[in-house]
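Student: For reference, this is query_8.txt, and it has compact mmCIF, C-alpha atoms (C1' of nucleotides).
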```
# COMPACT_ATOMS: atom_id res chain seq x y z
CA MET A 1474 20.09 2.19 -11.24
CA ALA A 1475 17.35 4.78 -10.77
CA TYR A 1476 15.85 5.70 -14.09
CA THR A 1477 14.63 9.19 -14.85
CA THR A 1478 11.17 9.14 -16.32
CA LYS A 1479 8.77 11.86 -17.33
CA GLN A 1480 6.53 10.76 -14.46
CA SER A 1481 9.19 11.23 -11.81
CA GLN A 1482 10.08 14.62 -13.24
CA ALA A 1483 6.46 15.75 -13.33
CA VAL A 1484 5.93 14.84 -9.70
CA LEU A 1485 8.96 16.72 -8.43
CA ARG A 1486 8.26 19.72 -10.63
CA CYS A 1487 4.80 19.97 -9.14
CA PHE A 1488 6.25 20.38 -5.65
CA GLU A 1489 8.95 22.78 -6.73
CA GLN A 1490 6.29 25.05 -8.18
CA ARG A 1491 4.48 25.31 -4.88
CA ARG A 1492 7.28 25.44 -2.35
CA GLU A 1493 6.07 24.51 1.12
CA GLU A 1494 2.47 23.89 0.17
CA SER A 1495 1.31 20.45 1.25
CA LEU A 1496 -0.34 18.11 -1.20
CA THR A 1497 -2.04 14.75 -0.90
CA ALA A 1498 -1.47 12.03 -3.46
CA ALA A 1499 -4.95 12.58 -4.86
CA GLU A 1500 -4.41 16.32 -5.17
CA LEU A 1501 -1.12 15.74 -6.91
CA ALA A 1502 -2.81 13.34 -9.32
CA ALA A 1503 -5.48 15.94 -10.10
CA GLU A 1504 -2.86 18.62 -10.60
CA LEU A 1505 -0.82 16.46 -12.98
CA ARG A 1506 -3.93 15.52 -14.91
CA ARG A 1507 -4.82 19.18 -15.21
CA SER A 1508 -1.38 20.03 -16.53
CA GLY A 1509 -1.60 17.37 -19.18
CA SER A 1510 0.91 14.93 -17.71
CA SER A 1511 -1.40 12.41 -16.12
CA VAL A 1512 0.30 9.86 -13.86
CA GLY A 1513 -1.25 6.73 -12.35
CA LEU A 1514 -1.97 6.81 -8.64
CA ALA A 1515 0.22 3.81 -7.90
CA THR A 1516 3.13 5.53 -9.59
CA ILE A 1517 2.45 8.73 -7.72
CA TYR A 1518 2.56 6.91 -4.40
CA ARG A 1519 5.78 5.20 -5.42
CA HIS A 1520 7.49 8.49 -6.23
CA LEU A 1521 6.18 10.20 -3.13
CA ASP A 1522 7.56 7.46 -0.95
CA LYS A 1523 10.85 7.48 -2.80
CA LEU A 1524 11.20 11.24 -2.46
CA ALA A 1525 10.25 11.08 1.19
CA ALA A 1526 12.75 8.29 1.83
CA SER A 1527 15.52 10.28 0.19
CA GLY A 1528 14.65 13.32 2.25
CA GLN A 1529 13.62 15.48 -0.69
CA LEU A 1530 10.04 15.60 0.57
CA HIS A 1531 8.51 15.55 4.01
CA LYS A 1532 5.63 13.17 4.56
CA VAL A 1533 3.11 13.90 7.28
CA ASN A 1534 0.60 11.24 8.20
CA THR A 1535 -2.82 12.40 9.27
CA ALA A 1536 -6.14 10.74 9.88
CA GLU A 1537 -7.33 12.15 6.54
CA GLY A 1538 -4.38 10.70 4.68
CA ALA A 1539 -0.76 11.64 4.09
CA PHE A 1540 0.42 15.11 3.06
CA TYR A 1541 3.70 15.72 1.27
CA HIS A 1542 5.64 18.95 0.97
CA LEU A 1543 9.05 20.43 0.34
CA CYS A 1544 10.65 21.82 3.45
CA ALA A 1545 13.95 23.62 3.75
CA HIS A 1546 14.38 22.48 7.34
CA THR A 1547 16.54 19.45 7.97
CA GLU A 1548 15.96 17.01 10.77
CA ASP A 1549 18.30 18.99 12.98
CA ASN A 1550 16.86 22.45 12.64
CA HIS A 1551 13.29 21.34 12.18
CA ARG A 1552 12.48 22.26 15.75
CA ASP A 1553 11.96 25.76 14.46
CA CYS A 1554 9.23 24.69 12.07
CA PHE A 1555 5.69 23.80 13.10
CA LEU A 1556 2.86 22.28 11.19
CA LEU A 1557 -0.60 23.61 11.90
CA LYS A 1558 -3.53 21.60 10.60
CA CYS A 1559 -6.94 23.17 10.38
CA SER A 1560 -9.61 20.63 11.27
CA ARG A 1561 -12.14 22.74 9.41
CA CYS A 1562 -10.60 23.17 5.96
CA GLY A 1563 -8.01 20.42 6.27
CA ARG A 1564 -5.08 22.54 5.10
CA ILE A 1565 -1.63 22.28 6.60
CA ARG A 1566 0.31 25.46 7.24
CA HIS A 1567 3.98 25.94 8.12
CA LEU A 1568 5.06 28.25 10.88
CA ASP A 1569 8.58 29.23 11.87
CA CYS A 1570 9.43 30.09 15.41
CA THR A 1571 11.55 28.91 18.30
CA HIS A 1572 8.80 29.01 20.89
CA LEU A 1573 8.84 25.30 21.60
CA HIS A 1574 12.54 24.65 22.10
CA ASP A 1575 12.13 24.73 25.84
CA PHE A 1576 9.10 22.48 25.83
CA TYR A 1577 10.76 19.90 23.63
CA GLN A 1578 13.81 19.93 25.84
CA HIS A 1579 11.59 19.53 28.89
CA LEU A 1580 9.82 16.56 27.32
CA GLU A 1581 13.09 14.90 26.47
CA GLN A 1582 14.89 15.47 29.75
CA GLU A 1583 12.04 15.13 32.24
CA HIS A 1584 9.77 12.69 30.45
CA HIS A 1585 12.25 10.93 28.19
CA PHE A 1586 10.08 11.49 25.17
CA ARG A 1587 11.95 12.57 22.07
CA ILE A 1588 9.72 14.70 19.87
CA ASP A 1589 9.73 14.42 16.09
CA PRO A 1590 8.61 17.90 15.04
CA ARG A 1591 8.13 16.77 11.47
CA GLN A 1592 5.39 14.36 12.45
CA THR A 1593 3.80 16.58 15.07
CA LEU A 1594 0.68 18.35 13.91
CA PHE A 1595 -0.94 21.10 15.91
CA ALA A 1596 -4.64 20.70 15.33
CA GLY A 1597 -7.05 23.57 15.51
CA VAL A 1598 -8.94 26.11 13.49
CA CYS A 1599 -7.11 28.51 11.22
CA ASP A 1600 -7.77 32.22 10.91
CA LEU A 1601 -9.85 31.94 7.78
CA CYS A 1602 -12.16 29.24 9.09
CA ASN A 1603 -12.37 31.04 12.40
CA GLY A 1604 -13.74 34.09 10.64
CA GLU A 1605 -16.32 32.04 8.80
CA GLU A 1606 -17.50 30.51 12.03
CA ALA A 1607 -18.24 33.94 13.46
CA THR A 1608 -20.39 34.70 10.43
CA HIS A 1609 -22.36 31.49 10.78
CA GLY A 1610 -23.07 32.11 14.43
CA THR A 1611 -25.09 35.24 13.73
CA THR A 1612 -28.83 35.13 13.26
CA MET B 1369 -34.85 7.20 24.24
CA ALA B 1370 -31.40 5.67 24.74
CA TYR B 1371 -31.67 2.09 25.85
CA THR B 1372 -29.22 0.49 28.21
CA THR B 1373 -27.88 -2.74 26.80
CA LYS B 1374 -25.28 -5.18 28.00
CA GLN B 1375 -23.12 -4.13 25.05
CA SER B 1376 -23.15 -0.44 25.95
CA GLN B 1377 -22.36 -1.30 29.55
CA ALA B 1378 -19.50 -3.59 28.58
CA VAL B 1379 -17.92 -0.89 26.42
CA LEU B 1380 -18.02 1.80 29.07
CA ARG B 1381 -16.87 -0.59 31.77
CA CYS B 1382 -13.83 -1.45 29.70
CA PHE B 1383 -12.74 2.18 29.68
CA GLU B 1384 -13.51 2.76 33.32
CA GLN B 1385 -11.25 -0.13 34.21
CA ARG B 1386 -8.29 1.42 32.44
CA ARG B 1387 -8.70 5.10 33.22
CA GLU B 1388 -6.79 7.24 30.76
CA GLU B 1389 -5.39 4.41 28.69
CA SER B 1390 -6.22 4.81 25.01
CA LEU B 1391 -7.85 2.01 23.06
CA THR B 1392 -8.68 1.49 19.42
CA ALA B 1393 -11.97 -0.05 18.36
CA ALA B 1394 -10.19 -3.28 17.42
CA GLU B 1395 -8.40 -3.46 20.76
CA LEU B 1396 -11.68 -2.88 22.56
CA ALA B 1397 -13.27 -5.67 20.53
CA ALA B 1398 -10.45 -8.04 21.43
CA GLU B 1399 -10.70 -7.07 25.09
CA LEU B 1400 -14.45 -7.65 25.19
CA ARG B 1401 -14.08 -10.97 23.42
CA ARG B 1402 -11.47 -11.98 25.96
CA SER B 1403 -13.72 -11.08 28.86
CA GLY B 1404 -16.52 -13.18 27.47
CA SER B 1405 -18.81 -10.33 26.39
CA SER B 1406 -18.13 -10.24 22.69
CA VAL B 1407 -19.59 -7.25 20.84
CA GLY B 1408 -19.80 -6.74 17.08
CA LEU B 1409 -17.42 -4.19 15.58
CA ALA B 1410 -20.23 -2.11 14.12
CA THR B 1411 -21.81 -1.85 17.54
CA ILE B 1412 -18.50 -0.97 19.12
CA TYR B 1413 -18.03 1.92 16.70
CA ARG B 1414 -21.55 3.09 17.36
CA HIS B 1415 -20.99 3.22 21.09
CA LEU B 1416 -17.58 4.83 20.77
CA ASP B 1417 -18.99 7.60 18.63
CA LYS B 1418 -21.95 8.06 20.92
CA LEU B 1419 -19.72 8.27 23.99
CA ALA B 1420 -17.41 10.68 22.21
CA ALA B 1421 -20.31 12.86 21.10
CA SER B 1422 -21.66 13.04 24.64
CA GLY B 1423 -18.23 13.98 25.95
CA GLN B 1424 -17.80 10.85 28.06
CA LEU B 1425 -14.86 9.74 25.89
CA HIS B 1426 -12.21 11.62 23.98
CA LYS B 1427 -11.60 10.51 20.42
CA VAL B 1428 -8.22 11.18 18.86
CA ASN B 1429 -7.80 10.62 15.15
CA THR B 1430 -4.44 9.36 13.97
CA ALA B 1431 -3.07 7.98 10.75
CA GLU B 1432 -3.19 4.51 12.31
CA GLY B 1433 -6.83 4.85 13.24
CA ALA B 1434 -8.81 6.45 16.04
CA PHE B 1435 -7.98 6.10 19.74
CA TYR B 1436 -10.53 6.56 22.48
CA HIS B 1437 -9.96 7.26 26.15
CA LEU B 1438 -11.47 8.66 29.29
CA CYS B 1439 -10.08 12.03 30.27
CA ALA B 1440 -10.93 14.11 33.30
CA HIS B 1441 -10.07 17.32 31.48
CA THR B 1442 -12.90 19.33 29.99
CA GLU B 1443 -12.58 21.39 26.86
CA ASP B 1444 -11.72 24.42 28.94
CA ASN B 1445 -8.92 23.06 31.06
CA HIS B 1446 -7.61 20.64 28.50
CA ARG B 1447 -4.75 22.97 27.70
CA ASP B 1448 -3.00 21.38 30.65
CA CYS B 1449 -3.16 17.91 29.12
CA PHE B 1450 -0.97 16.70 26.28
CA LEU B 1451 -1.09 13.60 24.20
CA LEU B 1452 2.22 12.00 23.28
CA LYS B 1453 2.17 9.36 20.57
CA CYS B 1454 5.12 7.05 20.14
CA SER B 1455 5.71 6.36 16.47
CA ARG B 1456 7.57 3.21 17.44
CA CYS B 1457 5.11 1.33 19.63
CA GLY B 1458 2.02 3.32 18.68
CA ARG B 1459 0.89 3.98 22.22
CA ILE B 1460 -0.63 7.26 23.33
CA ARG B 1461 0.37 8.69 26.68
CA HIS B 1462 -1.17 11.54 28.66
CA LEU B 1463 0.95 14.23 30.21
CA ASP B 1464 -0.14 17.04 32.49
CA CYS B 1465 1.64 20.33 32.52
CA THR B 1466 1.08 23.99 31.75
CA HIS B 1467 4.18 24.43 29.62
CA LEU B 1468 2.32 25.28 26.45
CA HIS B 1469 -0.11 27.91 27.67
CA ASP B 1470 2.11 30.67 26.36
CA PHE B 1471 2.65 29.01 23.02
CA TYR B 1472 -1.04 28.42 22.47
CA GLN B 1473 -1.78 32.01 23.37
CA HIS B 1474 0.91 33.17 20.98
CA LEU B 1475 -0.55 31.06 18.18
CA GLU B 1476 -3.99 32.43 18.79
CA GLN B 1477 -3.09 36.09 19.14
CA GLU B 1478 -0.26 36.43 16.63
CA HIS B 1479 -1.21 33.80 14.09
CA HIS B 1480 -4.96 33.59 14.65
CA PHE B 1481 -4.81 29.84 14.92
CA ARG B 1482 -6.94 28.39 17.69
CA ILE B 1483 -5.42 25.15 18.96
CA ASP B 1484 -7.53 22.16 19.90
CA PRO B 1485 -5.29 20.41 22.45
CA ARG B 1486 -7.49 17.32 22.43
CA GLN B 1487 -6.72 16.64 18.78
CA THR B 1488 -3.07 17.66 18.92
CA LEU B 1489 -0.67 14.74 19.10
CA PHE B 1490 2.98 15.19 19.86
CA ALA B 1491 4.73 12.55 17.81
CA GLY B 1492 8.03 11.07 18.82
CA VAL B 1493 9.70 8.15 20.52
CA CYS B 1494 8.82 7.25 24.09
CA ASP B 1495 11.30 6.36 26.79
CA LEU B 1496 10.81 2.62 26.49
CA CYS B 1497 11.31 2.49 22.72
CA ASN B 1498 14.20 4.89 23.05
CA GLY B 1499 15.95 2.45 25.32
CA GLU B 1500 15.36 -0.42 22.93
CA GLU B 1501 16.83 1.58 20.10
CA ALA B 1502 20.09 1.99 22.00
CA THR B 1503 20.28 -1.77 22.39
CA HIS B 1504 19.72 -2.38 18.69
CA GLY B 1505 22.38 0.07 17.67
CA THR B 1506 25.15 -1.98 19.28
CA THR B 1507 27.07 -4.58 17.29
C1' DC C 1368 21.59 2.70 -33.86
C1' DT C 1369 19.99 -1.76 -31.94
C1' DC C 1370 19.40 -5.00 -28.35
C1' DC C 1371 18.23 -6.35 -23.84
C1' DA C 1372 18.15 -6.74 -18.93
C1' DA C 1373 16.72 -3.93 -15.33
C1' DT C 1374 13.46 -0.60 -14.02
C1' DT C 1375 9.12 1.74 -14.22
C1' DT C 1376 4.33 2.05 -15.22
C1' DG C 1377 -0.65 1.61 -14.43
C1' DA C 1378 -4.93 -1.04 -14.22
C1' DA C 1379 -6.86 -3.76 -11.08
C1' DA C 1380 -7.04 -6.48 -6.93
C1' DA C 1381 -5.88 -6.53 -1.96
C1' DT C 1382 -5.67 -4.30 2.54
C1' DG C 1383 -7.26 -2.15 6.77
C1' DA C 1384 -9.95 1.10 9.33
C1' DT C 1385 -14.38 2.90 9.39
C1' DT C 1386 -19.26 3.63 7.94
C1' DA C 1387 -23.68 2.32 5.94
C1' DT C 1388 -27.24 -1.16 5.17
C1' DC C 1389 -30.89 -3.92 6.64
C1' DG C 1390 -33.24 -7.74 8.47
C1' DT C 1391 -33.39 -9.57 13.31
C1' DT C 1392 -33.46 -9.03 18.23
C1' DC C 1393 -33.92 -6.46 22.43
C1' DT C 1394 -35.78 -2.90 25.66
C1' DC C 1395 -39.17 -0.81 28.33
C1' DG C 1396 -43.40 1.84 29.06
C1' DA C 1397 -48.46 1.28 28.38
C1' DT D 130 -47.75 -9.10 27.99
C1' DC D 131 -47.33 -6.08 23.61
C1' DG D 132 -45.44 -3.34 20.31
C1' DA D 133 -42.98 0.57 18.63
C1' DG D 134 -38.73 2.34 18.77
C1' DA D 135 -33.83 1.37 19.51
C1' DA D 136 -29.93 -1.54 19.25
C1' DC D 137 -27.51 -5.45 17.21
C1' DG D 138 -24.34 -7.65 14.01
C1' DA D 139 -23.20 -9.81 9.62
C1' DT D 140 -22.17 -8.00 5.43
C1' DA D 141 -21.39 -4.67 1.86
C1' DA D 142 -19.52 -0.16 0.81
C1' DT D 143 -15.92 3.48 1.19
C1' DC D 144 -11.51 5.56 1.03
C1' DA D 145 -6.58 6.00 1.20
C1' DT D 146 -2.88 3.22 0.37
C1' DT D 147 -0.22 -0.96 -1.08
C1' DT D 148 0.54 -4.87 -3.86
C1' DT D 149 0.47 -7.54 -8.09
C1' DC D 150 1.89 -8.40 -12.60
C1' DA D 151 2.04 -7.97 -17.45
C1' DA D 152 3.30 -4.38 -20.67
C1' DA D 153 6.12 -0.26 -21.71
C1' DT D 154 10.32 2.44 -20.94
C1' DT D 155 15.16 3.37 -19.95
C1' DG D 156 19.97 3.55 -20.79
C1' DG D 157 24.34 1.07 -21.20
C1' DA D 158 26.73 -2.40 -24.18
C1' DG D 159 27.88 -3.86 -28.57
```
Please express what this file holds, its structure, as structure tokens.
Tutor:
Amino acid sequence: MAYTTKQSQAVLRCFEQRREESLTAAELAAELRRSGSSVGLATIYRHLDKLAASGQLHKVNTAEGAFYHLCAHTEDNHRDCFLLKCSRCGRIRHLDCTHLHDFYQHLEQEHHFRIDPRQTLFAGVCDLCNGEEATHGTT
Amino acid sequence: MAYTTKQSQAVLRCFEQRREESLTAAELAAELRRSGSSVGLATIYRHLDKLAASGQLHKVNTAEGAFYHLCAHTEDNHRDCFLLKCSRCGRIRHLDCTHLHDFYQHLEQEHHFRIDPRQTLFAGVCDLCNGEEATHGTT
DNA sequence: CTCCAATTTGAAAATGATTATCGTTCTCGA
DNA sequence: TCGAGAACGATAATCATTTTCAAATTGGAG
């Protein structure tokens, strides 16, 4: 029913090579082109959605477009995994810690809001970009 | 230098009437049309950006477009204000509490990531949509 | 191995939010 | 009242994503 094609293999291979690193559809297209196995954008989007639907990839929607990445965490234990998005360089970083368990529980019990940690993005400025800012500030 | 026009007044008035409620540009356009003071979309975007730049409005970028709202919190004390976004109904809700101070401090000191609470959206399902879901699940 | 129906592909058009363009209109101080 | 600067709004442009549809590919049956 679901055919295996060289395009579908190329897409998945690309993610397996980079583990948790997040990619946009355009970046993936560029990467595939670079590696000689060019795939049309429409096809890329189709595979990304299929992989996300099957749970093999995580899709995170942002104002700058969607990011896709492999993630070992399942829906259940994903409360230990946070996504940090740098508004300066645009990159998404993964962070593991249990710091927010209490807060999420508080939100759910007191405010009846059930968090989806996989769609929650902490926005801010990452260490690298923070350092650059300091440099710029000097006369 | 900055002229006062009936359009700029209408836009700001719309937000003042709804306090912290978030609006998209399209919703604002519809609201203004309804109230008889129709304003072109281009002009609406111009005023929204101007108001956001001057700090009178907060602009939150999401995958579904930008939301704008009045918010009493300044950049400094905004760590006490959270934005919850329901992935079901799309609405953004404000929540005041100091629960995350520690986490933000941890992120900054241990992981050198400086959070911007005004751009951070906690995604999930709000109480109302949660209730509806329960109804749907029944045979 | 060949055939063929079902599936996949990709170029191009459609979509939706936002921004840029550019004459026209408005505002307000001289 | 005048006029320069500012604001307006219809329209075109942009950008990520989705849809369309004819052509190419896949894999099971014969």
Student: Which of these residues is nearest to DT146 in chain D, using only C-alpha atoms (C1' of nucleotides): B:Leu1452, B:Leu1391, B:Ala1431, B:Cys1497?
Tutor: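 Smallest distance to DT146 in chain D is found for B:Ala1431.
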Student: Please indicate the distance in Å from CA of Cys1457 in chain B to CA of His1469 in chain B, rounded to one decimal place.
Tutor: 28.3 Å
Student: Just how far from CA of His1531 in chain A is CA of Gln1578 in chain A, in Å to one decimal?
Tutor: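 If I compute the distance from CA of Gln1578 in chain A to CA of His1531 in chain A, I get 22.9 Å.
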Student: So how far away is CA of Phe1555 in chain A from CA of Gly1604 in chain A, in Å?
Tutor: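 CA of Phe1555 in chain A lies at a distance of 22.1 Å from CA of Gly1604 in chain A.
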Student: What's around range 1474-1490 of chain B at 10 Å? Count all atoms listed in the file, leave out sequence neighbours fewer than 6 positions away in its own chain, and write the answer as a count of residues only.
Tutor: 50
Student: Using all atoms listed in the file, tabulate the residues of chain A lying at most 9 Å from any atom of chain D, each with its closest atom pair and that distance in Å to one decimal, by chain and increasing residue number, as a tab-separated table.
Tutor:
```
residue	atom	partner	partner_atom	distance
A:Tyr1476	CA	D:DT155	C1'	6.3
A:Thr1477	CA	D:DT155	C1'	7.8
A:Thr1478	CA	D:DT155	C1'	7.9
A:Ala1515	CA	D:DT147	C1'	8.3
A:Tyr1518	CA	D:DT146	C1'	8.1
A:Glu1537	CA	D:DA145	C1'	8.2
A:Gly1538	CA	D:DA145	C1'	6.2
A:Ala1539	CA	D:DA145	C1'	8.6
```
Student: Can you give chain B as an mmCIF file with C-alpha atoms, in the coordinates of the input after you superpose it on chain A, pairing all C-alpha atoms in order for the least-squares fit?
Tutor:
```cif
data_model
loop_
_atom_site.group_PDB
_atom_site.id
_atom_site.type_symbol
_atom_site.label_atom_id
_atom_site.label_comp_id
_atom_site.auth_asym_id
_atom_site.auth_seq_id
_atom_site.Cartn_x
_atom_site.Cartn_y
_atom_site.Cartn_z
ATOM 1 C CA MET B 1369 20.018 2.442 -11.073
ATOM 2 C CA ALA B 1370 17.236 5.015 -10.709
ATOM 3 C CA TYR B 1371 15.855 5.979 -14.068
ATOM 4 C CA THR B 1372 14.610 9.438 -14.852
ATOM 5 C CA THR B 1373 11.140 9.337 -16.323
ATOM 6 C CA LYS B 1374 8.705 12.019 -17.340
ATOM 7 C CA GLN B 1375 6.469 10.894 -14.476
ATOM 8 C CA SER B 1376 9.138 11.344 -11.811
ATOM 9 C CA GLN B 1377 9.998 14.746 -13.231
ATOM 10 C CA ALA B 1378 6.372 15.844 -13.315
ATOM 11 C CA VAL B 1379 5.879 14.889 -9.669
ATOM 12 C CA LEU B 1380 8.903 16.759 -8.392
ATOM 13 C CA ARG B 1381 8.169 19.763 -10.575
ATOM 14 C CA CYS B 1382 4.711 19.996 -9.075
ATOM 15 C CA PHE B 1383 6.177 20.390 -5.602
ATOM 16 C CA GLU B 1384 8.876 22.789 -6.669
ATOM 17 C CA GLN B 1385 6.225 25.050 -8.123
ATOM 18 C CA ARG B 1386 4.399 25.312 -4.822
ATOM 19 C CA ARG B 1387 7.235 25.439 -2.321
ATOM 20 C CA GLU B 1388 6.052 24.481 1.138
ATOM 21 C CA GLU B 1389 2.441 23.863 0.226
ATOM 22 C CA SER B 1390 1.292 20.405 1.281
ATOM 23 C CA LEU B 1391 -0.366 18.061 -1.181
ATOM 24 C CA THR B 1392 -2.039 14.698 -0.876
ATOM 25 C CA ALA B 1393 -1.464 11.982 -3.448
ATOM 26 C CA ALA B 1394 -4.964 12.519 -4.843
ATOM 27 C CA GLU B 1395 -4.453 16.268 -5.129
ATOM 28 C CA LEU B 1396 -1.152 15.694 -6.891
ATOM 29 C CA ALA B 1397 -2.869 13.310 -9.300
ATOM 30 C CA ALA B 1398 -5.553 15.880 -10.055
ATOM 31 C CA GLU B 1399 -2.934 18.581 -10.552
ATOM 32 C CA LEU B 1400 -0.907 16.449 -12.950
ATOM 33 C CA ARG B 1401 -4.016 15.484 -14.872
ATOM 34 C CA ARG B 1402 -4.918 19.144 -15.157
ATOM 35 C CA SER B 1403 -1.496 20.043 -16.486
ATOM 36 C CA GLY B 1404 -1.726 17.396 -19.155
ATOM 37 C CA SER B 1405 0.821 14.968 -17.689
ATOM 38 C CA SER B 1406 -1.456 12.422 -16.110
ATOM 39 C CA VAL B 1407 0.264 9.869 -13.869
ATOM 40 C CA GLY B 1408 -1.245 6.713 -12.386
ATOM 41 C CA LEU B 1409 -1.981 6.774 -8.661
ATOM 42 C CA ALA B 1410 0.236 3.783 -7.958
ATOM 43 C CA THR B 1411 3.133 5.542 -9.624
ATOM 44 C CA ILE B 1412 2.422 8.729 -7.735
ATOM 45 C CA TYR B 1413 2.595 6.888 -4.417
ATOM 46 C CA ARG B 1414 5.806 5.221 -5.470
ATOM 47 C CA HIS B 1415 7.462 8.521 -6.253
ATOM 48 C CA LEU B 1416 6.141 10.205 -3.131
ATOM 49 C CA ASP B 1417 7.550 7.466 -0.950
ATOM 50 C CA LYS B 1418 10.835 7.483 -2.800
ATOM 51 C CA LEU B 1419 11.165 11.254 -2.465
ATOM 52 C CA ALA B 1420 10.245 11.059 1.199
ATOM 53 C CA ALA B 1421 12.758 8.287 1.828
ATOM 54 C CA SER B 1422 15.526 10.285 0.177
ATOM 55 C CA GLY B 1423 14.638 13.325 2.259
ATOM 56 C CA GLN B 1424 13.607 15.476 -0.698
ATOM 57 C CA LEU B 1425 10.011 15.586 0.582
ATOM 58 C CA HIS B 1426 8.500 15.528 4.035
ATOM 59 C CA LYS B 1427 5.627 13.133 4.570
ATOM 60 C CA VAL B 1428 3.128 13.873 7.311
ATOM 61 C CA ASN B 1429 0.622 11.207 8.240
ATOM 62 C CA THR B 1430 -2.812 12.369 9.302
ATOM 63 C CA ALA B 1431 -6.139 10.719 9.899
ATOM 64 C CA GLU B 1432 -7.316 12.124 6.563
ATOM 65 C CA GLY B 1433 -4.383 10.657 4.699
ATOM 66 C CA ALA B 1434 -0.765 11.591 4.101
ATOM 67 C CA PHE B 1435 0.424 15.062 3.079
ATOM 68 C CA TYR B 1436 3.688 15.683 1.295
ATOM 69 C CA HIS B 1437 5.645 18.903 0.994
ATOM 70 C CA LEU B 1438 9.029 20.404 0.367
ATOM 71 C CA CYS B 1439 10.672 21.792 3.469
ATOM 72 C CA ALA B 1440 13.994 23.556 3.757
ATOM 73 C CA HIS B 1441 14.424 22.405 7.341
ATOM 74 C CA THR B 1442 16.596 19.383 7.987
ATOM 75 C CA GLU B 1443 16.003 16.942 10.786
ATOM 76 C CA ASP B 1444 18.340 18.911 13.001
ATOM 77 C CA ASN B 1445 16.897 22.373 12.664
ATOM 78 C CA HIS B 1446 13.331 21.283 12.189
ATOM 79 C CA ARG B 1447 12.530 22.205 15.760
ATOM 80 C CA ASP B 1448 12.028 25.714 14.445
ATOM 81 C CA CYS B 1449 9.282 24.633 12.058
ATOM 82 C CA PHE B 1450 5.744 23.766 13.089
ATOM 83 C CA LEU B 1451 2.908 22.246 11.192
ATOM 84 C CA LEU B 1452 -0.562 23.608 11.875
ATOM 85 C CA LYS B 1453 -3.494 21.597 10.581
ATOM 86 C CA CYS B 1454 -6.909 23.181 10.357
ATOM 87 C CA SER B 1455 -9.577 20.657 11.254
ATOM 88 C CA ARG B 1456 -12.093 22.759 9.364
ATOM 89 C CA CYS B 1457 -10.555 23.155 5.920
ATOM 90 C CA GLY B 1458 -7.955 20.408 6.250
ATOM 91 C CA ARG B 1459 -5.038 22.506 5.095
ATOM 92 C CA ILE B 1460 -1.581 22.257 6.609
ATOM 93 C CA ARG B 1461 0.376 25.430 7.212
ATOM 94 C CA HIS B 1462 4.039 25.891 8.098
ATOM 95 C CA LEU B 1463 5.122 28.217 10.846
ATOM 96 C CA ASP B 1464 8.638 29.190 11.833
ATOM 97 C CA CYS B 1465 9.501 30.060 15.367
ATOM 98 C CA THR B 1466 11.619 28.864 18.263
ATOM 99 C CA HIS B 1467 8.863 28.998 20.857
ATOM 100 C CA LEU B 1468 8.880 25.297 21.591
ATOM 101 C CA HIS B 1469 12.571 24.633 22.088
ATOM 102 C CA ASP B 1470 12.157 24.736 25.840
ATOM 103 C CA PHE B 1471 9.116 22.510 25.830
ATOM 104 C CA TYR B 1472 10.765 19.897 23.658
ATOM 105 C CA GLN B 1473 13.814 19.927 25.882
ATOM 106 C CA HIS B 1474 11.604 19.559 28.927
ATOM 107 C CA LEU B 1475 9.811 16.594 27.372
ATOM 108 C CA GLU B 1476 13.065 14.922 26.537
ATOM 109 C CA GLN B 1477 14.858 15.495 29.821
ATOM 110 C CA GLU B 1478 12.013 15.170 32.317
ATOM 111 C CA HIS B 1479 9.732 12.754 30.521
ATOM 112 C CA HIS B 1480 12.216 10.963 28.276
ATOM 113 C CA PHE B 1481 10.041 11.521 25.257
ATOM 114 C CA ARG B 1482 11.929 12.548 22.143
ATOM 115 C CA ILE B 1483 9.725 14.691 19.914
ATOM 116 C CA ASP B 1484 9.743 14.375 16.149
ATOM 117 C CA PRO B 1485 8.637 17.870 15.079
ATOM 118 C CA ARG B 1486 8.157 16.742 11.490
ATOM 119 C CA GLN B 1487 5.394 14.342 12.480
ATOM 120 C CA THR B 1488 3.813 16.576 15.105
ATOM 121 C CA LEU B 1489 0.691 18.357 13.922
ATOM 122 C CA PHE B 1490 -0.907 21.123 15.895
ATOM 123 C CA ALA B 1491 -4.612 20.719 15.306
ATOM 124 C CA GLY B 1492 -7.009 23.605 15.474
ATOM 125 C CA VAL B 1493 -8.894 26.159 13.443
ATOM 126 C CA CYS B 1494 -7.040 28.536 11.153
ATOM 127 C CA ASP B 1495 -7.708 32.237 10.849
ATOM 128 C CA LEU B 1496 -9.775 31.956 7.692
ATOM 129 C CA CYS B 1497 -12.107 29.261 9.025
ATOM 130 C CA ASN B 1498 -12.303 31.097 12.313
ATOM 131 C CA GLY B 1499 -13.659 34.121 10.529
ATOM 132 C CA GLU B 1500 -16.228 32.056 8.676
ATOM 133 C CA GLU B 1501 -17.413 30.548 11.915
ATOM 134 C CA ALA B 1502 -18.206 33.992 13.300
ATOM 135 C CA THR B 1503 -20.350 34.671 10.256
ATOM 136 C CA HIS B 1504 -22.275 31.427 10.644
ATOM 137 C CA GLY B 1505 -22.995 32.046 14.279
ATOM 138 C CA THR B 1506 -25.092 35.130 13.533
ATOM 139 C CA THR B 1507 -28.847 34.873 13.043
#
```
Student: Please identify all polymer residues within 12 Å of Leu1501 in chain A, counting all atoms listed in the file, omitting same-chain residues fewer than 6 positions from it, and present them as a ChimeraX atom specification.
Tutor: /A:1480,1483-1488,1490-1491,1494-1495,1507-1508,1510-1514,1516-1518,1520-1521,1539-1542
Student: Residues of chain C no more than 10 Å from chain B, counting all atoms listed in the file: send them over as a list in words.
Tutor: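 Close to chain B, chain C has DG1383, DA1384, DT1385, DT1386, DA1387, DC1393, DT1394 and DC1395 of chain C.
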